[in-house]
Each structure stands twice: as C-alpha cells, then as structure tokens.
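Enquirer: Structure provided below as structure tokens; questions to follow.
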Amino acid sequence: MSRRIFTRNNNGELSNNWKHSGAEATAMNITMSVFGCTGFVGRYVAGAGAFHKYTQICPYRHRSGVNGSVRPVRHLCDGTQGQMFPTDYEMDKEFVVKAILEKVENVFNCCGMWQEPAKYEHSNSWFDTEAVNVEWPRLLARWSRELGINRFVHLSMVGADVNSPSKILRQKALAEQAVLEEFPRATIIRSTDMFSEDDWTYTRYLKAQRYWKVTPVPNNGNRIHQCVFAGDIAEAMVRAIRIDHTEGRIAELGGPVRFTTNDLLRWCAEVNSLYHYTVGLPKWMWKPMVYCNERSFFRKGAIIGPRIPHWNRDWLERQYIDNVAMPERDPELLDWEDFGICRDDLFRLEEKFFL
C-alpha cells in the first residue's frame with residue numbers, strides 16, 4: 001500500500017515520506033489533543049497520531065476511568081510510538097479544558113452523540129445531544145481560538161443539512177456553522193457511515209441476520225451506502241494538520257464502493273453461509289417498533305443492564321437518505337487526493353470487516 005505526501009523535513013527540503021520519524025516529529029514539536037479519544041473514531045485518531053509519533057494529550061471522562069476507556073489507546077503510545085499523556089476532563093469545566101489547550105497546538109474534536117441519554121436510565125452523560133453535538137464544538141473552537149491553537153479539525157457527517165428530517169444531521173450542520181464562526185481556519189471532515197470491529201451500523205445488520213433469520217429492512221433495502229473504514233478517516237484527520245490548503249475548508253470522504261442495503265445483506269449471507277431472507281416494512285410500521293425499542297424495560301436496566309438503543313427514530317429517518325459522499329458536486333470540497341491518500345488504497349469492507 002502506497003500512501004505518500006510531500007512535506008518538508010527539518011532542513012526545509014521536500015520529502016515524499018508521509019510518516020515523520022520520531023526525531024522529526026519531536027523537533028517540529030507537533031503536539032495534539034483528541035477530544036473523544038475513547039470513542040469509536042477518536043481512538044483511531046489517537047492511534048494514527050501515535051504512529052506519526054506525535055506528542056498528544058488524550059482527555060477522557062473521569063467517570064469512565066483510565067482502565068475502561070483510555071487504556072486501549074495507551075499501548076500504541078507507550079515506548080516507541082510517540083508520547084501520550086491521558087488526563088480527565090468534563091465538557092462543562094472550562095478551566096480544565098483550557099488547561100489542556102494551553103499545552104498543545106492542534107486540536108481534534110471527535111465528540112458526538114446520536115441518542116438522547118434521557119430516554120434510558122443510568123446514563124453515562126450529563127448532556128443532551130444538542131449540548132454535545134452543537135454547543136460543545138462551538139465552545140471548544142472558541143477556546144481554541146482564544147488560546148492560539150494552530151489547527152482545529154472537526155469531525156462531521158455526510159448529509160449534514162439544517163433542513164434534514166434527521167435531528168442528528170441538522171445538529172451536525174449547525175455544529176459546522178458554529179465551528180467555522182468561532183475558528184474560521186478549522187478543517188471540517190464529513191464522513192459517511194464508518195465500519196470497524198465493533199461499529200454501531202453494519203454489525204447490527206449481521207446480528208439481525210444471524211439471530212432473526214429474516215431481516216427487516218426499511219426503505220425496502222434501497223438505501224445507498226458508501227461506508228469507509230474508521231482508520232482511513234483518522235489518517236486523513238491527522239494529515240490535515242500538516243497540509244496548509246485544508247485550512248477553513250470542508251472535506252467529504254467516503255469509501256471506495258457504493259452498494260445498497262440489500263446488496264450488503266446478500267453478500268454477508270454468502271460469507272457467513274446464511275440464508276438471505278429480508279422483508280421490507282413500510283415506515284409507519286417501523287415507527288412504533290423503534291419507539292418501543294427506545295423505551296423498553298431492557299433499555300432501562302431490566303435484567304441485562306442499561307443499553308443504548310441502536311435502532312431508534314433518528315436512525316429510521318436516516319435510512320431514507322442516501323449515505324454517499326459527493327465532493328465532485330462542489331469544487332471547494334476536499335477529497336481523498338487532497339490529503340495525499342489514493343482512493344485505491346482505502347480499505348474495503350471485505351478486507352477489514354470479517355477479520
């Protein structure tokens with residue numbers, strides 16, 4: 001796999017090596033902080049920064065603890081892969097966040113929430129989706145500008161629109177506007193749905209296919225997907241802080257292949273030696289199902305403990321919106337090539353998902 005980007009080394013000479021050595025990264029004093037480093041995407045961003053040998057501060061929520069949250073990321077940074085300093089923080093503690101920002105030059109925001117915590121008991125969050133998805137990026141961008149942060153990278157979603165029927169997509173659009181208002185030089189990364197070892201989207205289809213035998217699908221399974229590996233998105237985010245032409249611009253990044261929900265289930269059934277049985281339910285039948293799924297006793301801690309509902313009403317709305325990245329529709333949008341990543345080098349679903 002060839003992933004190369006032209007950067008300047010310590011002597012000011014052009015180098016086609018996309019990965020800085022430890023001495024270069026230390027001499028250039030590349031410091032970064034990944035807010036949301038214990039989440040689904042943030043841990044890949046912290047890992048990519050570690051392999052680039054950057055010095056980073058990884059804030060984590062104090063209630064989650066070091067052992068349960070940030071420890072899976074620390075093994076990448078202990079010893080030879082850069083440096084990492086974990087510290088606890090809370091979103092509403094301005095003095096704690098500013099103390100972290102004083103020590104770094106590049107900030108990544110990977111915090112996000114896709115389900116209201118008030119819908120289930122014993123929530124791990126004190127904040128609602130509006131606070132996490134809109135107000136937190138605004139505050140972090142404002143504090144970063146006040147403290148002289150060099151680069152700010154914010155993670156968003158493809159399809160973000162203030163007029164979208166999905167609440168999450170509306171909030172993501174408002175967050176982009178808020179970040180660019182407070183930090184005009186920020187880089188926005190819009191990503192399609194991501195897959196990984198324990199993702200919240202495509203793994204659910206496989207579980208439904210295995211345990212239910214007949215998989216119910218909304219929109220008759222005609223939604224178009226362009227899923228991308230979370231590690232590729234993290235690589236683009238880490239490279240953004242070293243590329244000048246990404247300042248103040250928005251990137252739409254998607255995977256190398258487009259397929260429908262029916263195509264995904266048919267392929268998964270072939271790989272797992274299962275029967276491919278699906279039933280397309282209309283939207284009016286899905287609404288009471290996802291509503292009850294959000295408020296069931298099992299979601300509130302009965303028998304199995306509190307669990308976040310993955311198929312909720314907002315997920316249902318997004319199934320009627322194609323999840324496709326189209327940077328070609330606007331010349332101002334960035335693509336993979338703008339980050340020095342060839343589209344042919346992206347990981348495909350069949351290469352990573354079933355490992």
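Residues in the structure tokens are named by chain (A, B, ... in the order shown) and by number from 1 within that chain; ligands are numbered from 1 in the order shown.
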What's the 12 Å shell around Thr203 of chain A, counting only C-alpha atoms, without same-chain residues fewer than 5 positions away, as a PDB file with all heavy atoms, in the first residue's frame?

Expert:
```pdb
ATOM      1  N   MET A 194     -19.186   4.746   9.066  1.00  0.00           N
ATOM      2  CA  MET A 194     -17.904   4.050   9.187  1.00  0.00           C
ATOM      3  C   MET A 194     -18.096   2.632   9.712  1.00  0.00           C
ATOM      4  O   MET A 194     -19.033   2.364  10.465  1.00  0.00           O
ATOM      5  CB  MET A 194     -16.980   4.831  10.119  1.00  0.00           C
ATOM      6  CG  MET A 194     -16.436   6.091   9.495  1.00  0.00           C
ATOM      7  SD  MET A 194     -15.497   7.100  10.648  1.00  0.00           S
ATOM      8  CE  MET A 194     -16.807   8.052  11.399  1.00  0.00           C
ATOM      9  N   PHE A 195     -17.209   1.755   9.302  1.00  0.00           N
ATOM     10  CA  PHE A 195     -17.227   0.391   9.812  1.00  0.00           C
ATOM     11  C   PHE A 195     -15.910   0.108  10.517  1.00  0.00           C
ATOM     12  O   PHE A 195     -14.868   0.691  10.217  1.00  0.00           O
ATOM     13  CB  PHE A 195     -17.456  -0.631   8.683  1.00  0.00           C
ATOM     14  CG  PHE A 195     -16.319  -0.726   7.701  1.00  0.00           C
ATOM     15  CD1 PHE A 195     -15.279  -1.614   7.893  1.00  0.00           C
ATOM     16  CD2 PHE A 195     -16.299   0.065   6.557  1.00  0.00           C
ATOM     17  CE1 PHE A 195     -14.237  -1.710   6.997  1.00  0.00           C
ATOM     18  CE2 PHE A 195     -15.265  -0.029   5.645  1.00  0.00           C
ATOM     19  CZ  PHE A 195     -14.232  -0.915   5.858  1.00  0.00           C
ATOM     20  N   SER A 196     -15.981  -0.797  11.476  1.00  0.00           N
ATOM     21  CA  SER A 196     -14.809  -1.218  12.222  1.00  0.00           C
ATOM     22  C   SER A 196     -15.151  -2.537  12.904  1.00  0.00           C
ATOM     23  O   SER A 196     -16.158  -3.165  12.584  1.00  0.00           O
ATOM     24  CB  SER A 196     -14.416  -0.145  13.240  1.00  0.00           C
ATOM     25  OG  SER A 196     -13.289  -0.563  13.986  1.00  0.00           O
ATOM     26  N   GLU A 197     -14.313  -2.921  13.857  1.00  0.00           N
ATOM     27  CA  GLU A 197     -14.523  -4.210  14.503  1.00  0.00           C
ATOM     28  C   GLU A 197     -15.816  -4.248  15.318  1.00  0.00           C
ATOM     29  O   GLU A 197     -16.442  -5.280  15.433  1.00  0.00           O
ATOM     30  CB  GLU A 197     -13.327  -4.559  15.405  1.00  0.00           C
ATOM     31  CG  GLU A 197     -12.070  -4.949  14.656  1.00  0.00           C
ATOM     32  CD  GLU A 197     -11.361  -3.738  14.078  1.00  0.00           C
ATOM     33  OE1 GLU A 197     -11.744  -2.596  14.421  1.00  0.00           O
ATOM     34  OE2 GLU A 197     -10.418  -3.916  13.279  1.00  0.00           O
ATOM     35  N   ASP A 198     -16.211  -3.130  15.894  1.00  0.00           N
ATOM     36  CA  ASP A 198     -17.413  -3.112  16.721  1.00  0.00           C
ATOM     37  C   ASP A 198     -18.236  -1.858  16.419  1.00  0.00           C
ATOM     38  O   ASP A 198     -18.587  -1.107  17.318  1.00  0.00           O
ATOM     39  CB  ASP A 198     -17.056  -3.171  18.208  1.00  0.00           C
ATOM     40  CG  ASP A 198     -16.063  -2.093  18.603  1.00  0.00           C
ATOM     41  OD1 ASP A 198     -15.539  -1.430  17.697  1.00  0.00           O
ATOM     42  OD2 ASP A 198     -15.827  -1.906  19.808  1.00  0.00           O
ATOM     43  N   ALA A 208     -28.772  -9.127  13.267  1.00  0.00           N
ATOM     44  CA  ALA A 208     -30.163  -9.379  12.921  1.00  0.00           C
ATOM     45  C   ALA A 208     -30.279 -10.530  11.926  1.00  0.00           C
ATOM     46  O   ALA A 208     -31.201 -11.353  12.004  1.00  0.00           O
ATOM     47  CB  ALA A 208     -30.783  -8.111  12.333  1.00  0.00           C
ATOM     48  N   GLN A 209     -29.337 -10.595  11.008  1.00  0.00           N
ATOM     49  CA  GLN A 209     -29.374 -11.675  10.024  1.00  0.00           C
ATOM     50  C   GLN A 209     -29.101 -13.030  10.666  1.00  0.00           C
ATOM     51  O   GLN A 209     -29.673 -14.052  10.263  1.00  0.00           O
ATOM     52  CB  GLN A 209     -28.343 -11.378   8.932  1.00  0.00           C
ATOM     53  CG  GLN A 209     -28.458 -12.241   7.705  1.00  0.00           C
ATOM     54  CD  GLN A 209     -27.457 -11.828   6.654  1.00  0.00           C
ATOM     55  OE1 GLN A 209     -26.267 -11.731   6.920  1.00  0.00           O
ATOM     56  NE2 GLN A 209     -27.923 -11.575   5.446  1.00  0.00           N
ATOM     57  N   ARG A 210     -28.281 -13.068  11.697  1.00  0.00           N
ATOM     58  CA  ARG A 210     -27.927 -14.343  12.311  1.00  0.00           C
ATOM     59  C   ARG A 210     -28.990 -14.819  13.310  1.00  0.00           C
ATOM     60  O   ARG A 210     -29.321 -15.999  13.346  1.00  0.00           O
ATOM     61  CB  ARG A 210     -26.573 -14.219  13.007  1.00  0.00           C
ATOM     62  CG  ARG A 210     -26.132 -15.484  13.738  1.00  0.00           C
ATOM     63  CD  ARG A 210     -24.716 -15.344  14.242  1.00  0.00           C
ATOM     64  NE  ARG A 210     -23.765 -15.265  13.146  1.00  0.00           N
ATOM     65  CZ  ARG A 210     -23.246 -16.323  12.508  1.00  0.00           C
ATOM     66  NH1 ARG A 210     -23.622 -17.540  12.863  1.00  0.00           N
ATOM     67  NH2 ARG A 210     -22.382 -16.175  11.547  1.00  0.00           N
ATOM     68  N   LEU A 264     -25.648  -5.456   0.685  1.00  0.00           N
ATOM     69  CA  LEU A 264     -24.848  -5.766   1.868  1.00  0.00           C
ATOM     70  C   LEU A 264     -25.330  -7.052   2.530  1.00  0.00           C
ATOM     71  O   LEU A 264     -24.529  -7.941   2.848  1.00  0.00           O
ATOM     72  CB  LEU A 264     -24.924  -4.605   2.858  1.00  0.00           C
ATOM     73  CG  LEU A 264     -24.343  -4.866   4.249  1.00  0.00           C
ATOM     74  CD1 LEU A 264     -22.831  -5.019   4.177  1.00  0.00           C
ATOM     75  CD2 LEU A 264     -24.722  -3.755   5.223  1.00  0.00           C
ATOM     76  N   LEU A 265     -26.638  -7.200   2.722  1.00  0.00           N
ATOM     77  CA  LEU A 265     -27.165  -8.379   3.395  1.00  0.00           C
ATOM     78  C   LEU A 265     -26.961  -9.634   2.548  1.00  0.00           C
ATOM     79  O   LEU A 265     -26.683 -10.711   3.079  1.00  0.00           O
ATOM     80  CB  LEU A 265     -28.645  -8.170   3.697  1.00  0.00           C
ATOM     81  CG  LEU A 265     -28.947  -7.091   4.745  1.00  0.00           C
ATOM     82  CD1 LEU A 265     -30.445  -6.882   4.870  1.00  0.00           C
ATOM     83  CD2 LEU A 265     -28.351  -7.465   6.089  1.00  0.00           C
ATOM     84  N   CYS A 268     -23.263 -10.516   2.942  1.00  0.00           N
ATOM     85  CA  CYS A 268     -22.989 -11.045   4.279  1.00  0.00           C
ATOM     86  C   CYS A 268     -23.532 -12.461   4.440  1.00  0.00           C
ATOM     87  O   CYS A 268     -22.918 -13.304   5.097  1.00  0.00           O
ATOM     88  CB  CYS A 268     -23.588 -10.130   5.341  1.00  0.00           C
ATOM     89  SG  CYS A 268     -22.806  -8.503   5.448  1.00  0.00           S
ATOM     90  N   HIS A 310     -29.708   1.074  19.418  1.00  0.00           N
ATOM     91  CA  HIS A 310     -29.020   1.417  18.175  1.00  0.00           C
ATOM     92  C   HIS A 310     -30.005   1.754  17.061  1.00  0.00           C
ATOM     93  O   HIS A 310     -29.735   2.602  16.225  1.00  0.00           O
ATOM     94  CB  HIS A 310     -28.117   0.257  17.748  1.00  0.00           C
ATOM     95  CG  HIS A 310     -27.036  -0.047  18.733  1.00  0.00           C
ATOM     96  ND1 HIS A 310     -25.859   0.659  18.784  1.00  0.00           N
ATOM     97  CD2 HIS A 310     -26.959  -0.967  19.724  1.00  0.00           C
ATOM     98  CE1 HIS A 310     -25.104   0.184  19.755  1.00  0.00           C
ATOM     99  NE2 HIS A 310     -25.737  -0.807  20.327  1.00  0.00           N
ATOM    100  N   TRP A 311     -31.126   1.060  17.026  1.00  0.00           N
ATOM    101  CA  TRP A 311     -32.141   1.364  16.023  1.00  0.00           C
ATOM    102  C   TRP A 311     -33.203   2.227  16.685  1.00  0.00           C
ATOM    103  O   TRP A 311     -34.088   1.726  17.361  1.00  0.00           O
ATOM    104  CB  TRP A 311     -32.745   0.062  15.465  1.00  0.00           C
ATOM    105  CG  TRP A 311     -31.795  -0.665  14.589  1.00  0.00           C
ATOM    106  CD1 TRP A 311     -30.544  -0.273  14.240  1.00  0.00           C
ATOM    107  CD2 TRP A 311     -32.016  -1.909  13.924  1.00  0.00           C
ATOM    108  NE1 TRP A 311     -29.945  -1.191  13.423  1.00  0.00           N
ATOM    109  CE2 TRP A 311     -30.832  -2.214  13.203  1.00  0.00           C
ATOM    110  CE3 TRP A 311     -33.077  -2.805  13.866  1.00  0.00           C
ATOM    111  CZ2 TRP A 311     -30.693  -3.371  12.427  1.00  0.00           C
ATOM    112  CZ3 TRP A 311     -32.934  -3.945  13.102  1.00  0.00           C
ATOM    113  CH2 TRP A 311     -31.772  -4.226  12.388  1.00  0.00           C
ATOM    114  N   LEU A 349     -14.675  -3.039   2.698  1.00  0.00           N
ATOM    115  CA  LEU A 349     -15.418  -3.717   3.754  1.00  0.00           C
ATOM    116  C   LEU A 349     -14.997  -5.178   3.863  1.00  0.00           C
ATOM    117  O   LEU A 349     -14.854  -5.707   4.971  1.00  0.00           O
ATOM    118  CB  LEU A 349     -16.911  -3.617   3.466  1.00  0.00           C
ATOM    119  CG  LEU A 349     -17.861  -4.020   4.601  1.00  0.00           C
ATOM    120  CD1 LEU A 349     -17.723  -3.063   5.771  1.00  0.00           C
ATOM    121  CD2 LEU A 349     -19.303  -4.042   4.118  1.00  0.00           C
ATOM    122  N   PHE A 353     -13.788  -6.049   7.605  1.00  0.00           N
ATOM    123  CA  PHE A 353     -14.955  -6.262   8.454  1.00  0.00           C
ATOM    124  C   PHE A 353     -14.995  -7.673   9.027  1.00  0.00           C
ATOM    125  O   PHE A 353     -15.304  -7.862  10.193  1.00  0.00           O
ATOM    126  CB  PHE A 353     -16.229  -5.977   7.659  1.00  0.00           C
ATOM    127  CG  PHE A 353     -17.443  -5.782   8.505  1.00  0.00           C
ATOM    128  CD1 PHE A 353     -17.472  -4.791   9.456  1.00  0.00           C
ATOM    129  CD2 PHE A 353     -18.536  -6.593   8.381  1.00  0.00           C
ATOM    130  CE1 PHE A 353     -18.573  -4.576  10.250  1.00  0.00           C
ATOM    131  CE2 PHE A 353     -19.644  -6.416   9.175  1.00  0.00           C
ATOM    132  CZ  PHE A 353     -19.665  -5.404  10.102  1.00  0.00           C
ATOM    133  N   PHE A 354     -14.693  -8.672   8.226  1.00  0.00           N
ATOM    134  CA  PHE A 354     -14.853 -10.053   8.685  1.00  0.00           C
ATOM    135  C   PHE A 354     -13.594 -10.617   9.337  1.00  0.00           C
ATOM    136  O   PHE A 354     -13.538 -11.791   9.644  1.00  0.00           O
ATOM    137  CB  PHE A 354     -15.271 -10.945   7.513  1.00  0.00           C
ATOM    138  CG  PHE A 354     -16.690 -10.700   7.087  1.00  0.00           C
ATOM    139  CD1 PHE A 354     -16.960  -9.941   5.967  1.00  0.00           C
ATOM    140  CD2 PHE A 354     -17.751 -11.215   7.814  1.00  0.00           C
ATOM    141  CE1 PHE A 354     -18.265  -9.707   5.582  1.00  0.00           C
ATOM    142  CE2 PHE A 354     -19.050 -10.981   7.431  1.00  0.00           C
ATOM    143  CZ  PHE A 354     -19.316 -10.230   6.313  1.00  0.00           C
TER     144      PHE A 354
END
```

Enquirer: In segment 174-297 of chain A, what's strand (DSSP E) per DSSP? Answer as a ChimeraX atom specification?

Expert: /A:187-191,194-195,214-217,224-225,228-229,250-253,259-260,277-280

Enquirer: Those same residues - N, CA, C and O atoms - I'd like them written as a CSV table (one decimal), in the first residue's frame.

Expert:
```
chain,number,residue,atom,x,y,z
A,187,THR,N,-10.8,22.9,9.9
A,187,THR,CA,-11.0,21.9,8.8
A,187,THR,C,-12.1,21.0,9.3
A,187,THR,O,-12.1,20.4,10.4
A,188,ILE,N,-13.1,20.9,8.4
A,188,ILE,CA,-14.3,20.0,8.7
A,188,ILE,C,-14.2,18.7,7.9
A,188,ILE,O,-14.0,18.8,6.6
A,189,ILE,N,-14.3,17.6,8.5
A,189,ILE,CA,-14.2,16.3,7.8
A,189,ILE,C,-15.6,15.7,7.9
A,189,ILE,O,-16.1,15.3,9.0
A,190,ARG,N,-16.3,15.7,6.8
A,190,ARG,CA,-17.6,15.0,6.7
A,190,ARG,C,-17.3,13.5,6.2
A,190,ARG,O,-16.7,13.3,5.2
A,191,SER,N,-17.8,12.6,7.0
A,191,SER,CA,-17.6,11.2,6.7
A,191,SER,C,-18.9,10.5,6.5
A,191,SER,O,-19.9,10.8,7.1
A,194,MET,N,-19.2,4.7,9.1
A,194,MET,CA,-17.9,4.0,9.2
A,194,MET,C,-18.1,2.6,9.7
A,194,MET,O,-19.0,2.4,10.5
A,195,PHE,N,-17.2,1.8,9.3
A,195,PHE,CA,-17.2,0.4,9.8
A,195,PHE,C,-15.9,0.1,10.5
A,195,PHE,O,-14.9,0.7,10.2
A,214,VAL,N,-34.9,-13.8,9.4
A,214,VAL,CA,-35.5,-12.9,8.5
A,214,VAL,C,-35.2,-11.5,8.9
A,214,VAL,O,-35.7,-11.1,10.0
A,215,THR,N,-34.5,-10.7,8.1
A,215,THR,CA,-34.1,-9.4,8.5
A,215,THR,C,-35.0,-8.3,8.0
A,215,THR,O,-35.2,-8.2,6.8
A,216,PRO,N,-35.6,-7.6,8.9
A,216,PRO,CA,-36.5,-6.5,8.4
A,216,PRO,C,-35.6,-5.3,8.0
A,216,PRO,O,-34.6,-4.9,8.7
A,217,VAL,N,-36.0,-4.7,6.9
A,217,VAL,CA,-35.2,-3.6,6.4
A,217,VAL,C,-36.1,-2.4,6.0
A,217,VAL,O,-37.2,-2.6,5.5
A,224,ILE,N,-28.6,3.7,-0.3
A,224,ILE,CA,-27.2,3.5,-0.9
A,224,ILE,C,-26.2,3.9,0.2
A,224,ILE,O,-26.3,4.9,0.8
A,225,HIS,N,-25.3,2.9,0.4
A,225,HIS,CA,-24.2,3.1,1.4
A,225,HIS,C,-22.9,3.3,0.7
A,225,HIS,O,-22.7,2.8,-0.4
A,228,VAL,N,-16.9,3.6,5.0
A,228,VAL,CA,-15.5,3.9,4.9
A,228,VAL,C,-14.9,3.3,6.3
A,228,VAL,O,-15.6,3.3,7.3
A,229,PHE,N,-13.7,2.8,6.2
A,229,PHE,CA,-13.0,2.3,7.4
A,229,PHE,C,-12.6,3.5,8.3
A,229,PHE,O,-12.1,4.5,7.9
A,250,ILE,N,-14.0,22.3,3.9
A,250,ILE,CA,-14.7,21.1,4.2
A,250,ILE,C,-14.4,20.0,3.3
A,250,ILE,O,-14.2,20.1,2.1
A,251,ALA,N,-14.2,18.8,3.9
A,251,ALA,CA,-13.9,17.6,3.1
A,251,ALA,C,-15.1,16.6,3.2
A,251,ALA,O,-15.6,16.4,4.3
A,252,GLU,N,-15.4,16.0,2.1
A,252,GLU,CA,-16.4,14.9,2.1
A,252,GLU,C,-15.7,13.6,1.7
A,252,GLU,O,-15.3,13.5,0.6
A,253,LEU,N,-15.6,12.7,2.6
A,253,LEU,CA,-14.9,11.5,2.4
A,253,LEU,C,-15.8,10.3,2.6
A,253,LEU,O,-16.5,10.1,3.6
A,259,PHE,N,-23.0,0.6,-2.4
A,259,PHE,CA,-23.9,-0.6,-2.5
A,259,PHE,C,-25.2,-0.2,-1.7
A,259,PHE,O,-25.2,0.7,-0.9
A,260,THR,N,-26.2,-1.0,-2.0
A,260,THR,CA,-27.5,-0.8,-1.2
A,260,THR,C,-27.5,-1.8,0.0
A,260,THR,O,-26.7,-2.6,0.2
A,277,TYR,N,-32.8,-13.8,3.7
A,277,TYR,CA,-34.2,-13.6,3.8
A,277,TYR,C,-34.4,-12.2,4.4
A,277,TYR,O,-34.0,-11.9,5.5
A,278,THR,N,-35.1,-11.3,3.6
A,278,THR,CA,-35.4,-10.0,4.1
A,278,THR,C,-36.8,-9.7,3.9
A,278,THR,O,-37.5,-10.3,3.0
A,279,VAL,N,-37.3,-8.7,4.6
A,279,VAL,CA,-38.7,-8.3,4.5
A,279,VAL,C,-38.7,-6.8,4.6
A,279,VAL,O,-38.2,-6.2,5.6
A,280,GLY,N,-39.2,-6.1,3.6
A,280,GLY,CA,-39.3,-4.6,3.6
A,280,GLY,C,-40.6,-4.2,4.3
A,280,GLY,O,-41.7,-4.4,3.8
```

Enquirer: Between segment 82-105 of chain A and segment 126-139 of chain A, at 9 Å or less, what are the per-residue closest atom pairs and their distances in Å? Count only C-alpha atoms, order by chain and rising residue number, and return it as JSON lines.

Expert:
```
{"residue": "A:Met91", "atom": "CA", "partner": "A:Trp136", "partner_atom": "CA", "distance": 7.0}
{"residue": "A:Asp92", "atom": "CA", "partner": "A:Trp136", "partner_atom": "CA", "distance": 8.6}
{"residue": "A:Glu94", "atom": "CA", "partner": "A:Leu139", "partner_atom": "CA", "distance": 8.9}
```

Enquirer: Write out as a list in words each polymer residue whose atoms come within 9 Å of Arg318 of chain A, counting only C-alpha atoms; drop sequence neighbours fewer than 5 positions from it.

Expert: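 Returned residues: Pro165, Ser166, Leu169, Arg313 and Asn323 of chain A.
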
Enquirer: Would you list the contacts of Ala173 of chain A as a PyMOL selection string, taking every protein, DNA or RNA residue within 9 Å and counting only C-alpha atoms, but skipping same-chain residues closer than 5 positions in sequence?

Expert: chain A and resi 134+156-157+159-162+168+178

Enquirer: Take the residues that were just selected and, keeping C-alpha atoms, output them as a compact mmCIF listing (two decimals), in the first residue's frame.

Expert:
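And here's part-v2.txt as it stands now:
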```txt
# COMPACT_ATOMS: atom_id res chain seq x y z
CA VAL A 134 -23.63 21.75 18.72
CA SER A 156 -18.95 15.77 10.96
CA MET A 157 -21.27 13.58 8.87
CA GLY A 159 -25.64 14.66 4.64
CA ALA A 160 -25.45 17.38 7.29
CA ASP A 161 -28.20 19.83 6.45
CA VAL A 162 -30.21 22.26 8.55
CA ILE A 168 -28.56 14.38 14.14
CA ALA A 178 -20.63 27.20 14.77
```

Enquirer: Work out how far apart atom CA of Cys227 of chain A and atom CA of Val153 of chain A are and give it in Å to one decimal.

Expert: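 So the two atoms, atom CA of Cys227 of chain A and atom CA of Val153 of chain A, lie 20.8 Å apart.
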
Enquirer: When you count only C-alpha atoms, which of these residues is closest to Gln226 of chain A: A:Ile57, A:Leu346, A:Val96, A:Met84?

Expert: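 Of A:Ile57, A:Leu346, A:Val96, A:Met84, the one nearest Gln226 of chain A, counting only C-alpha atoms, is A:Leu346.
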